[in-house]
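Asker: Following this message is one structure expressed as structure tokens.
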2 protein chains.
Amino acid sequence: MHPLRIFSDSRLTEDAERLLREGVAPHSLIRARRVVSSVLAKGEPDPAFLEAEIAFGQPDLADIERSERLRWVHLSSAGYTRYDTEAFRSLARSRGLRLTTSSHVYAQACAEHVFAFLLAQSRGLVPALRTRTPNGSPEWERLRAMPRSPSGQDILILGYGTIATHLIGLLQPFHARVSAHRRQPKGDELVPIVPSDRLAEALGRADHVVDILPDNAGSRGFFDTARFAAMKPGAVFYNIGRGTTVDQGALLAALRSGRLGAAWLDVTDPEPLPEDHPLLAEPRCHITPHTAGGHHGEVETLVRHFLANLRRYETGADLVDEVNNR
Amino acid sequence: MHPLRIFSDSRLTEDAERLLREGVAPHSLIRARRVVSSVLAKGEPDPAFLEAEIAFGQPDLADIERSERLRWVHLSSAGYTRYDTEAFRSLARSRGLRLTTSSHVYAQACAEHVFAFLLAQSRGLVPALRTRTPNGSPEWERLRAMPRSPSGQDILILGYGTIATHLIGLLQPFHARVSAHRRQPKGDELVPIVPSDRLAEALGRADHVVDILPDNAGSRGFFDTARFAAMKPGAVFYNIGRGTTVDQGALLAALRSGRLGAAWLDVTDPEPLPEDHPLLAEPRCHITPHTAGGHHGEVETLVRHFLANLRRYETGADLVDEVNNR
């Protein structure tokens, strides 16, 4: 394959920058005028973009549209909301443009994050870490009686992809009853798939409801008043998908009414929530600031994942984490 | 078997009390004048004790010594420190007195508690739950880069028993390198056993050191300055055994010097620590108030475990959680 030009607007550590510069050879690297600090922020228009055949990061949609050379976009995020439109798909189809994500980079960390949420909840860690109550006190008796093992509990996952499959693996030793909901079942799922018309029923059985939905037209406000009302009283709700998939007013009401036992969120809408947002004052609502996908060496892993896909691209092999634009 | 008299000083819920009264039949139940509120508190002398063949709870040692009828003590705790003396063993041998514990009742909950500690640590949950820092801020970058998966890490368990075997099962999906130290290896262990003369070396390799040691003459102050100094810089220390197994001054110094990355303790000495104890002010020291063994329905499980052993006792079958008094 003759040398290509690779445009990247990703903000990298020094190590990751070196890894990328050395790893792209024999191709050349074009660095954006301005790097993108967060995988959720979008890139800016950049004239140098028009020279590139490959883009790695969060390229600007107008740049993509103007480019006559671009063949492949590799996103630095697991989600691809900005590119999940009919307009983009039709452009991609007509130009033969391929789209891949960094899903695998974040999946294990995301799965471990929501798993840590679930364990912390089931052991009552948040209240227990806050007290030094003596053995035998009424508060102690309450804390001792609070934990419930995930063993034999019912866990429903919304959104079946790389994160869900990792999470299912971590749950294995607990012999929990795990099921999942997926828009388009493929038949290769590791757990029973709940069809849309049985979802309310499944929500009514679940002790833990795990939202890993991406942000798109079909998922926005997915968890609304009706869906929270369908849940088993005392159920625990987790969100490591996208904040927009939850009607936060409905979530707040479900927590206040006691319908939900607790909520653990890594994503909100907006991020962060304004300081006076009522969810921040809810004692049973626990929020981390979109750190679920993070892990030691993340940026280096991101670059390695792109480079591994670049080697596949060179040889014509299947790309990992490719989005079907049909 | 002719009906026996069973003495119990355990504090029970209404449900557990009914379960016990109904379950002991055809035997009779003698309730202590004063019930014991914590499994770590000892019972008081009670004249009614002398009529019993079986004791369930935390019977007073002087009562046991005076009793001519007593054949079997079933403790409501997993530990048996008060009865772990040569004097008790010699008395037990001469009288044919058997001793069982409630180890199995607490093992799963204890294993899940320390596992929740480990997951919370590896995902950086404590600092992440405290902030609403925006995506892309320096604090956010720091939080994103902090988590380290237990995958492929080195985990050393001190004290190999029912809790350790549960914990090893939970760790299985992570493919961590788990090893354990045990006073008297039996050959049936699920992980490599580290002998005493290789312990310093093993401490130097471990990313996570899990103390599940019971309290006895050999374990008191086990984690001292030398043992903390032998640990890998940045290692994380967990204690769900007994507070007395740790030299808390040495622990504090190891946290302050940065030798230890963090400490997660469910047990301390004393419990709770006095309000002005310096460990409480250490930002990387996380303490729960001896709630590791607690779980929903615990007291009922405790009674069921005793009753199941009572059925075995009636038929002469092996007792579960029996302590060898030889």
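Numbering starts fresh at 1 for the residues of each chain in the structure tokens, the chains themselves are lettered A, B, ... in the order given, and ligands are numbered from 1 as they appear.
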For chain B versus chain A, which residues have an atom no more than 8 Å away, and what is each residue's nearest atom pair and distance in Å rounded to one decimal, using only C-alpha atoms, chain-then-number order, as CSV?

Answerer:
```
residue,atom,partner,partner_atom,distance
B:Ser37,CA,A:Gly136,CA,5.7
B:Ser38,CA,A:Gly136,CA,5.4
B:Ala109,CA,A:Ser149,CA,7.3
B:Glu112,CA,A:Arg123,CA,7.4
B:His113,CA,A:Arg123,CA,6.0
B:Phe115,CA,A:Leu119,CA,7.8
B:Ala116,CA,A:Leu119,CA,5.1
B:Phe117,CA,A:Ala120,CA,7.7
B:Leu119,CA,A:Ala116,CA,5.1
B:Ala120,CA,A:Ala116,CA,5.6
B:Arg123,CA,A:His113,CA,6.0
B:Leu125,CA,A:Thr288,CA,7.5
B:Ala128,CA,A:Thr288,CA,5.1
B:Leu129,CA,A:Thr288,CA,4.8
B:Arg130,CA,A:Thr288,CA,7.7
B:Thr131,CA,A:Pro289,CA,7.0
B:Arg132,CA,A:Pro272,CA,5.6
B:Thr133,CA,A:Pro289,CA,6.5
B:Pro134,CA,A:Pro272,CA,5.5
B:Asn135,CA,A:Ser38,CA,6.4
B:Gly136,CA,A:Ser38,CA,5.4
B:Trp140,CA,A:Thr291,CA,7.6
B:Leu143,CA,A:Thr291,CA,6.7
B:Arg144,CA,A:Gly294,CA,4.1
B:Ala145,CA,A:His296,CA,4.4
B:Met146,CA,A:His296,CA,5.5
B:Pro147,CA,A:His295,CA,4.6
B:Arg148,CA,A:His296,CA,5.6
B:Ser149,CA,A:Ala109,CA,7.3
B:Gly169,CA,A:Pro173,CA,6.4
B:Leu170,CA,A:Pro173,CA,5.6
B:Gln172,CA,A:Pro173,CA,7.7
B:Pro173,CA,A:Leu170,CA,5.6
B:Phe174,CA,A:Leu170,CA,7.5
B:Glu271,CA,A:Pro134,CA,6.4
B:Pro272,CA,A:Pro134,CA,5.5
B:Leu273,CA,A:Arg132,CA,7.4
B:His286,CA,A:Leu129,CA,6.6
B:Ile287,CA,A:Leu129,CA,5.6
B:Thr288,CA,A:Leu129,CA,4.8
B:Pro289,CA,A:Arg132,CA,5.7
B:His290,CA,A:Asn135,CA,7.2
B:Thr291,CA,A:Arg144,CA,5.2
B:Ala292,CA,A:Arg144,CA,7.8
B:Gly293,CA,A:Arg144,CA,7.5
B:Gly294,CA,A:Arg144,CA,4.1
B:His295,CA,A:Pro147,CA,4.6
B:His296,CA,A:Ala145,CA,4.4
B:Gly297,CA,A:Ala145,CA,6.7
B:Glu298,CA,A:Ala145,CA,6.7
```

Asker: Restricted to N, CA and C atoms, what would the selected residues look like written as a short mmCIF file (atom, residue, chain, number, x, y, z; two decimals), in the first residue's frame?

Answerer:
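Contents of out_32.cif, as written:
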```cif
data_model
loop_
_atom_site.label_atom_id
_atom_site.label_comp_id
_atom_site.auth_asym_id
_atom_site.auth_seq_id
_atom_site.Cartn_x
_atom_site.Cartn_y
_atom_site.Cartn_z
N SER B 37 -25.46 -8.89 72.31
CA SER B 37 -25.85 -8.07 71.16
C SER B 37 -24.88 -8.20 69.99
N SER B 38 -23.63 -8.44 70.27
CA SER B 38 -22.66 -8.55 69.19
C SER B 38 -21.96 -9.89 69.29
N ALA B 109 -20.54 -13.18 52.50
CA ALA B 109 -20.68 -11.73 52.67
C ALA B 109 -19.31 -11.07 52.86
N GLU B 112 -17.51 -10.94 49.54
CA GLU B 112 -18.08 -9.92 48.66
C GLU B 112 -17.73 -8.51 49.14
N HIS B 113 -17.61 -8.35 50.46
CA HIS B 113 -17.26 -7.03 51.01
C HIS B 113 -15.85 -6.63 50.60
N PHE B 115 -14.13 -7.84 48.19
CA PHE B 115 -14.16 -7.76 46.72
C PHE B 115 -14.71 -6.40 46.29
N ALA B 116 -15.75 -5.91 46.97
CA ALA B 116 -16.30 -4.57 46.69
C ALA B 116 -15.25 -3.50 46.99
N PHE B 117 -14.50 -3.66 48.08
CA PHE B 117 -13.38 -2.77 48.39
C PHE B 117 -12.40 -2.72 47.20
N LEU B 119 -12.77 -3.58 44.07
CA LEU B 119 -13.33 -2.98 42.85
C LEU B 119 -13.44 -1.46 42.99
N ALA B 120 -13.90 -1.00 44.17
CA ALA B 120 -14.03 0.44 44.41
C ALA B 120 -12.65 1.11 44.31
N ARG B 123 -11.40 1.16 40.59
CA ARG B 123 -12.11 2.14 39.75
C ARG B 123 -12.02 3.56 40.32
N LEU B 125 -13.46 4.85 42.89
CA LEU B 125 -14.82 5.33 43.17
C LEU B 125 -14.87 6.43 44.22
N ALA B 128 -13.97 9.77 42.76
CA ALA B 128 -14.87 10.08 41.64
C ALA B 128 -16.28 10.44 42.12
N LEU B 129 -16.74 9.79 43.19
CA LEU B 129 -18.08 10.07 43.70
C LEU B 129 -18.15 11.44 44.38
N ARG B 130 -16.99 12.02 44.70
CA ARG B 130 -16.96 13.26 45.46
C ARG B 130 -16.92 14.51 44.60
N THR B 131 -16.76 14.35 43.29
CA THR B 131 -16.53 15.53 42.46
C THR B 131 -17.55 15.62 41.34
N ARG B 132 -17.77 16.83 40.84
CA ARG B 132 -18.54 16.98 39.62
C ARG B 132 -17.70 17.75 38.60
N THR B 133 -16.43 17.44 38.58
CA THR B 133 -15.49 18.10 37.67
C THR B 133 -15.90 17.88 36.21
N PRO B 134 -15.78 18.90 35.36
CA PRO B 134 -16.19 18.73 33.97
C PRO B 134 -15.23 17.87 33.15
N ASN B 135 -15.76 17.23 32.12
CA ASN B 135 -14.95 16.47 31.15
C ASN B 135 -13.80 17.34 30.66
N GLY B 136 -12.60 16.79 30.68
CA GLY B 136 -11.46 17.50 30.10
C GLY B 136 -10.67 18.34 31.08
N TRP B 140 -10.28 15.83 36.04
CA TRP B 140 -10.96 14.76 35.30
C TRP B 140 -9.93 13.84 34.65
N LEU B 143 -8.56 11.61 37.27
CA LEU B 143 -9.50 10.56 37.67
C LEU B 143 -9.64 9.49 36.59
N ARG B 144 -9.62 9.92 35.32
CA ARG B 144 -9.74 8.96 34.22
C ARG B 144 -8.53 8.03 34.14
N ALA B 145 -7.35 8.57 34.53
CA ALA B 145 -6.12 7.79 34.37
C ALA B 145 -5.82 6.92 35.59
N MET B 146 -6.60 7.11 36.67
CA MET B 146 -6.32 6.45 37.94
C MET B 146 -6.67 4.95 37.94
N PRO B 147 -7.82 4.56 37.39
CA PRO B 147 -8.24 3.15 37.53
C PRO B 147 -7.26 2.16 36.92
N ARG B 148 -7.05 1.07 37.64
CA ARG B 148 -6.23 -0.04 37.17
C ARG B 148 -7.03 -1.31 37.36
N SER B 149 -7.23 -2.03 36.29
CA SER B 149 -8.01 -3.27 36.38
C SER B 149 -7.27 -4.33 37.21
N GLY B 169 -13.02 -17.41 44.01
CA GLY B 169 -14.06 -17.66 42.99
C GLY B 169 -14.51 -16.36 42.33
N LEU B 170 -14.69 -15.31 43.12
CA LEU B 170 -15.14 -14.03 42.58
C LEU B 170 -14.10 -13.40 41.66
N GLN B 172 -12.05 -14.98 39.72
CA GLN B 172 -11.76 -15.82 38.56
C GLN B 172 -11.85 -15.10 37.21
N PRO B 173 -12.95 -14.34 36.93
CA PRO B 173 -13.03 -13.73 35.59
C PRO B 173 -11.92 -12.73 35.30
N PHE B 174 -11.20 -12.27 36.33
CA PHE B 174 -10.18 -11.24 36.11
C PHE B 174 -8.83 -11.81 35.69
N GLU B 271 -12.67 -0.95 68.08
CA GLU B 271 -13.78 -0.64 67.18
C GLU B 271 -14.89 0.05 67.95
N PRO B 272 -15.35 1.22 67.49
CA PRO B 272 -14.71 2.03 66.45
C PRO B 272 -13.44 2.69 66.98
N LEU B 273 -12.62 3.22 66.07
CA LEU B 273 -11.46 4.00 66.48
C LEU B 273 -11.94 5.28 67.18
N HIS B 286 -9.76 3.88 54.09
CA HIS B 286 -11.21 3.76 54.00
C HIS B 286 -11.69 2.70 54.99
N ILE B 287 -12.61 3.09 55.87
CA ILE B 287 -13.00 2.19 56.96
C ILE B 287 -14.51 1.97 57.01
N THR B 288 -14.92 0.71 57.03
CA THR B 288 -16.32 0.37 57.32
C THR B 288 -16.35 -0.24 58.72
N PRO B 289 -17.47 -0.05 59.45
CA PRO B 289 -17.48 -0.40 60.88
C PRO B 289 -17.83 -1.87 61.16
N HIS B 290 -16.98 -2.78 60.72
CA HIS B 290 -17.19 -4.21 60.96
C HIS B 290 -18.55 -4.67 60.43
N THR B 291 -18.80 -4.31 59.17
CA THR B 291 -20.07 -4.73 58.54
C THR B 291 -19.83 -5.80 57.47
N ALA B 292 -18.59 -6.27 57.32
CA ALA B 292 -18.27 -7.18 56.22
C ALA B 292 -19.09 -8.47 56.23
N GLY B 293 -19.34 -9.01 57.41
CA GLY B 293 -20.08 -10.28 57.44
C GLY B 293 -21.59 -10.09 57.36
N GLY B 294 -22.04 -8.84 57.47
CA GLY B 294 -23.48 -8.58 57.53
C GLY B 294 -24.18 -8.79 56.20
N HIS B 295 -25.41 -9.22 56.27
CA HIS B 295 -26.22 -9.33 55.07
C HIS B 295 -27.68 -9.46 55.45
N HIS B 296 -28.51 -9.11 54.50
CA HIS B 296 -29.94 -9.21 54.69
C HIS B 296 -30.32 -10.64 55.11
N GLY B 297 -31.05 -10.76 56.22
CA GLY B 297 -31.47 -12.09 56.67
C GLY B 297 -30.39 -12.83 57.43
N GLU B 298 -29.34 -12.09 57.89
CA GLU B 298 -28.20 -12.71 58.55
C GLU B 298 -28.59 -13.55 59.78
#
```

Asker: Please list as a list of chain:residue names every residue within 10 Å of stretch 182-184 of chain A, counting only C-alpha atoms and excluding residues in the same chain fewer than 5 positions away.

Answerer: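 Counting only the stated atoms, we get A:Ile157, A:Leu158, A:Gly159, A:Tyr160, A:Gly161, A:Glu189, A:Ile193, A:Val194, A:Pro195, A:Ser196, A:Leu213, A:Gly218.
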
Asker: Restricting it to C-alpha atoms, dump the selection as a PDB file, in the first residue's frame.

Answerer:
```
ATOM      1  CA  ILE A 157     -28.928  -4.987  30.847  1.00  0.00           C
ATOM      2  CA  LEU A 158     -30.203  -2.451  28.315  1.00  0.00           C
ATOM      3  CA  GLY A 159     -27.903  -2.228  25.309  1.00  0.00           C
ATOM      4  CA  TYR A 160     -25.997  -5.372  24.380  1.00  0.00           C
ATOM      5  CA  GLY A 161     -22.489  -4.798  23.046  1.00  0.00           C
ATOM      6  CA  GLU A 189     -25.768 -13.277  22.793  1.00  0.00           C
ATOM      7  CA  ILE A 193     -32.578 -11.399  25.037  1.00  0.00           C
ATOM      8  CA  VAL A 194     -35.756  -9.603  26.102  1.00  0.00           C
ATOM      9  CA  PRO A 195     -37.836  -8.415  23.118  1.00  0.00           C
ATOM     10  CA  SER A 196     -39.404  -4.926  23.231  1.00  0.00           C
ATOM     11  CA  LEU A 213     -27.710   2.564  25.753  1.00  0.00           C
ATOM     12  CA  GLY A 218     -34.529   5.828  19.563  1.00  0.00           C
TER      13      GLY A 218
END
```

Asker: Quick one: distance from atom CA of B:Phe237 to atom CA of B:Ala111 in Å, one decimal?

Answerer: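 These two atoms are separated by 14.9 Å.
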
Asker: From stretch 46-295 of chain B, collect each residue whose DSSP state is strand (DSSP E) and return the set as an MDAnalysis selection string.

Answerer: chainID B and resid 54:57 72:75 98:100 154:158 177:181 208:211 235:239 260:265 285:287

Asker: Would you write out those residues with C-alpha atoms, as a PDB file, in the first residue's frame?

Answerer:
```pdb
ATOM      1  CA  ILE B  54     -25.724 -27.666  73.907  1.00  0.00           C
ATOM      2  CA  ALA B  55     -24.888 -23.946  73.831  1.00  0.00           C
ATOM      3  CA  PHE B  56     -25.577 -21.682  70.842  1.00  0.00           C
ATOM      4  CA  GLY B  57     -24.170 -18.156  70.942  1.00  0.00           C
ATOM      5  CA  TRP B  72     -21.268 -29.038  72.247  1.00  0.00           C
ATOM      6  CA  VAL B  73     -20.756 -25.286  71.810  1.00  0.00           C
ATOM      7  CA  HIS B  74     -21.924 -23.711  68.525  1.00  0.00           C
ATOM      8  CA  LEU B  75     -20.609 -20.139  68.303  1.00  0.00           C
ATOM      9  CA  ARG B  98     -17.111 -30.145  70.643  1.00  0.00           C
ATOM     10  CA  LEU B  99     -16.779 -26.614  69.235  1.00  0.00           C
ATOM     11  CA  THR B 100     -18.287 -25.315  65.994  1.00  0.00           C
ATOM     12  CA  ASP B 154      -0.993  -9.836  41.740  1.00  0.00           C
ATOM     13  CA  ILE B 155      -3.236 -10.522  44.750  1.00  0.00           C
ATOM     14  CA  LEU B 156      -1.921 -12.055  47.978  1.00  0.00           C
ATOM     15  CA  ILE B 157      -4.354 -13.404  50.583  1.00  0.00           C
ATOM     16  CA  LEU B 158      -3.241 -13.903  54.186  1.00  0.00           C
ATOM     17  CA  ARG B 177      -2.413 -13.884  39.826  1.00  0.00           C
ATOM     18  CA  VAL B 178      -3.770 -14.961  43.214  1.00  0.00           C
ATOM     19  CA  SER B 179      -1.715 -16.655  45.925  1.00  0.00           C
ATOM     20  CA  ALA B 180      -2.277 -17.205  49.641  1.00  0.00           C
ATOM     21  CA  HIS B 181      -0.439 -17.728  52.893  1.00  0.00           C
ATOM     22  CA  HIS B 208      -3.237  -6.102  46.623  1.00  0.00           C
ATOM     23  CA  VAL B 209      -2.643  -7.649  50.063  1.00  0.00           C
ATOM     24  CA  VAL B 210      -5.780  -9.061  51.708  1.00  0.00           C
ATOM     25  CA  ASP B 211      -5.617  -9.732  55.468  1.00  0.00           C
ATOM     26  CA  ALA B 235       0.306  -1.676  47.033  1.00  0.00           C
ATOM     27  CA  VAL B 236      -3.187  -1.649  48.513  1.00  0.00           C
ATOM     28  CA  PHE B 237      -3.850  -3.244  51.904  1.00  0.00           C
ATOM     29  CA  TYR B 238      -7.217  -4.701  52.960  1.00  0.00           C
ATOM     30  CA  ASN B 239      -8.234  -6.021  56.396  1.00  0.00           C
ATOM     31  CA  LEU B 260       0.922   1.969  50.568  1.00  0.00           C
ATOM     32  CA  GLY B 261      -1.373   3.305  47.859  1.00  0.00           C
ATOM     33  CA  ALA B 262      -4.428   2.873  50.068  1.00  0.00           C
ATOM     34  CA  ALA B 263      -5.880   0.855  52.936  1.00  0.00           C
ATOM     35  CA  TRP B 264      -9.406  -0.543  53.203  1.00  0.00           C
ATOM     36  CA  LEU B 265     -10.318  -1.765  56.679  1.00  0.00           C
ATOM     37  CA  CYS B 285      -7.650   5.021  54.436  1.00  0.00           C
ATOM     38  CA  HIS B 286     -11.214   3.758  54.000  1.00  0.00           C
ATOM     39  CA  ILE B 287     -12.999   2.191  56.963  1.00  0.00           C
TER      40      ILE B 287
END
```

Asker: Which residues come within 12 Å of A:Ser8, counting only C-alpha atoms, excluding same-chain residues fewer than 3 positions away, as a count of residues only?

Answerer: 37

Asker: Would you mind listing what lies within 7 Å of B:Val105 as a PyMOL selection string, with only C-alpha atoms counted and same-chain residues fewer than 2 positions away left out?

Answerer: chain B and resi 102-103+107+301-302

Asker: What's the separation between atom CA of A:Asp9 and atom CA of A:Ser67, in Å to one decimal place?

Answerer: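 Rounded to one decimal, the two atoms are 15.7 Å apart.
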
Asker: I need the residue nearest A:Pro26 from this list: A:Val320, A:Leu310, A:Phe223, A:Phe7. Use only C-alpha atoms for the distance.

Answerer: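 Checking each candidate against A:Pro26, we get A:Leu310 as the closest.
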
Asker: Give me, please, the distance in Å between atom CA of A:Asp318 and atom CA of A:Lys186, quoted to one decimal.

Answerer: 18.5 Å

Asker: Ranking B:Pro192, B:Ala200, B:Arg227, B:Gly79 by minimum distance to B:Thr162 and counting only C-alpha atoms, which one comes first?

Answerer: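 Residue with the minimum atom-to-atom distance to B:Thr162: B:Gly79.
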
Asker: Enumerate, as a count of residues only, the complete set of residues in stretch 211-295 of chain B that a backbone-based DSSP assignment places in alpha helix (DSSP H).

Answerer: 19
